[in-house]
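What follows is a short report on a single structure.
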Amino acid sequence: MTTPVPLLSKSQFPDDFVWGVATSAFQIEGAPLQDGKGLSIWDSFCRQPGVIADNSNGDVACEHYARWASDLDMIANLGVDAYRFSIAWPRVRPTGDGAWNTKGLDFYEGLVDGLLERGIKPYLTLNHWDLPDALQAKGGWAHRDTVHRFVEYAEGIQARMGDRLSSIATHNEPWVMAVLGHETGVFAPGIKNRATAAQVSHHLLLSHGLAVQALRAQGSKATLGIVLNLSPMHPATSGDADTTQAKLEDGRLLRWYMDPLFKARYPQDVLDHLGVDAPKVQADDLQNIAVPIDFLGVNYYSRSVVSADQSWKTESSGLEITDMGWEVYPEGLTELLVRMHRDYAVPPLYVTENGGAFKDSFENGRVHDQGRTHYIQRHIAAVAEAMRQGVRMQGYMVWSLMDNFEWASGYEKRFGIVHVDYDTQVRTLKDSALWYRGFLGQTE
Ligand code: IFM
């Protein structure tokens with residue numbers, strides 16, 4: 001049985017609602033050493049045997065570093081208001097603490113100006129996971145100095161192109177960097193230590209707060225915020241053990257980030273759970289983290305179903321799952337947004353990422369990705385429903401503009417609304433892109 005797809009119209013949303021598409025530097029750029037770029041932790045991680053499903057890496061990816069101008073034409077052709085992208089920190093400051101790389105700065109300045117020339121708002125993310133490898137050698141995010149290197153990086157970008165940015169997000173998905181990067185070790189830098197992960201999460205939050213203050217001090221006119229990956233944690237059964245575990249997992253994923261950002265404290269139940277692994281927090285850190293922000297980005301893909309014996313998982317035995325094995329659960333997005341609005345004094349919210357990996361097939365030059373199209377339609381409807389319930393929403397961005405390097409899954413999972421042929425680098429708009437373009441009122 002297929003779930004009915006809601007009738008949608010852009011006119012259901014306010015005129016200033018921002019529609020966009022999103023990518024990140026490492027996932028699309030390629031050119032890891034070109035024009036003076038330094039290596040990132042993901043460049044190094046990919047070289048370890050067995051960590052990436054198809055043994056691939058980001059060396060070529062979508063060749064966006066070379067093809068950026070035609071990619072911007074493609075984005076403009078979709079009729080979006082905004083393009084969310086990230087800067088590769090080691091492209092602009094190769095070692096993270098030494099000399100700046102003019103050619104790297106030129107590249108991103110050209111990208112920003114190219115967006116503006118095409119009438120598209122630049123939505124920048126400073127850190128989408130690709131820390132300079134040279135900083136990792138000095139301890140990476142576990143080392144408090146990295147916080148200050150990140151603030152310098154933010155200041156350098158603001159000084160060079162900040163006057164033309166609509167929005168700056170400090171970090172994308174700190175939970176992923178902390179937990180997948182430093183606790184389970186399935187992402188770069190591949191560390192497996194719970195105390196390190198907790199300290200990393202604290203340093204990411206602190207660097208966010210200090211960077212926002214530094215950017216404001218520089219007179220930044222961009223809206224400033226952070227992007228979190230969130231999902232409702234539903235207990236697998238109504239039993240006490242599953243319910244208790246679901247509350248703890250909600251604490252680790254959502255409250256661990258939302259409480260310091262909006263209440264200047266860490267949740268006590270998670271601190272108790274971490275015990276001696278809890279992060280070292282200095283005086284004023286929490287006040288610095290809780291600095292007011294202009295927006296909060298939410299990346300939503302699925303809910304999580306939690307059982308006491310298996311911790312949590314996004315996989316489901318239900319009928320509707322994506323190629324990642326993630327349950328298609330749009331009502332979870334409404335639930336999440338309404339809950340955040342209820343429990344926290346949040347600024348306007350964006351869905352900064354939403355989309356699905358599906359197996360696509362080419363047919364006479366077309367990609368009929370009905371699963372992805374329906375996924376996007378149902379989640380846009382879920383945003384409309386949250387707004388109907390009073391949530392202040394400012395925008396929605398599809399993940400992703402085009403197929404790209406899906407981290408530990410390599411190139412096997414395709415999230416794009418534009419198909420990329422990795423042999424030829426030819427881009428083809430999938431049916432989902434054609435639908436999105438029509439929805440946005442673009443006729444060409
Ligand atoms: O591809 C990633 C992205 O980099 C961060 N958020 C989730 C996406 C899909 O896994």
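Identifiers for the structure tokens are assigned positionally: chains receive A, B, ... in sequence, residues are indexed from 1 per chain, and ligands are indexed from 1 in the order shown.
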Legend entry - Selection within 7 Å of ligand 1 by only C-alpha atoms and all ligand atoms, output as a VMD selection string: chain A and resid 24 299 353 399 406 to 407
Inset, instruction - Mind the document's chain letters and residue numbers, and return as a ChimeraX atom specification the residues of stretch 58-298 of chain A that DSSP labels strand (DSSP E or B). - result: /A:82-86,121-127,132,167-172,223-229,233-235,295-298
Go ahead and write the residues just picked, C-alpha atoms, as an mmCIF file, in the first residue's frame.
```cif
data_model
loop_
_atom_site.group_PDB
_atom_site.id
_atom_site.type_symbol
_atom_site.label_atom_id
_atom_site.label_comp_id
_atom_site.auth_asym_id
_atom_site.auth_seq_id
_atom_site.Cartn_x
_atom_site.Cartn_y
_atom_site.Cartn_z
ATOM 1 C CA ALA A 82 19.351 29.567 -1.644
ATOM 2 C CA TYR A 83 22.267 27.202 -1.977
ATOM 3 C CA ARG A 84 23.656 25.669 1.196
ATOM 4 C CA PHE A 85 27.306 24.651 0.792
ATOM 5 C CA SER A 86 30.376 24.347 2.983
ATOM 6 C CA LYS A 121 21.468 33.440 -1.588
ATOM 7 C CA PRO A 122 24.702 31.897 -0.261
ATOM 8 C CA TYR A 123 24.084 29.810 2.888
ATOM 9 C CA LEU A 124 27.510 28.843 4.186
ATOM 10 C CA THR A 125 28.447 26.093 6.610
ATOM 11 C CA LEU A 126 31.929 26.555 8.032
ATOM 12 C CA ASN A 127 32.481 23.030 9.303
ATOM 13 C CA PRO A 132 42.571 19.964 8.535
ATOM 14 C CA SER A 167 23.752 32.956 6.424
ATOM 15 C CA ILE A 168 26.609 31.295 8.287
ATOM 16 C CA ALA A 169 26.203 28.009 10.145
ATOM 17 C CA THR A 170 29.161 27.200 12.356
ATOM 18 C CA HIS A 171 28.895 23.408 12.397
ATOM 19 C CA ASN A 172 26.949 20.712 10.620
ATOM 20 C CA THR A 223 22.181 35.285 10.003
ATOM 21 C CA LEU A 224 24.265 33.140 12.344
ATOM 22 C CA GLY A 225 23.398 29.683 13.654
ATOM 23 C CA ILE A 226 24.212 25.985 13.859
ATOM 24 C CA VAL A 227 22.822 22.824 12.247
ATOM 25 C CA LEU A 228 21.837 19.750 14.296
ATOM 26 C CA ASN A 229 20.828 16.260 13.165
ATOM 27 C CA MET A 233 13.336 8.703 19.781
ATOM 28 C CA HIS A 234 10.375 6.358 20.044
ATOM 29 C CA PRO A 235 10.495 3.439 22.475
ATOM 30 C CA PHE A 295 18.470 30.556 13.224
ATOM 31 C CA LEU A 296 18.674 26.896 14.029
ATOM 32 C CA GLY A 297 19.071 24.326 11.255
ATOM 33 C CA VAL A 298 17.503 20.888 11.630
#
```
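Comparing the minimum interatomic distances between A:Ala433 and each of A:Ala53, A:Ile75, A:Leu165, A:Ile157, counting only C-alpha atoms, we find that A:Ile75 sits nearest.
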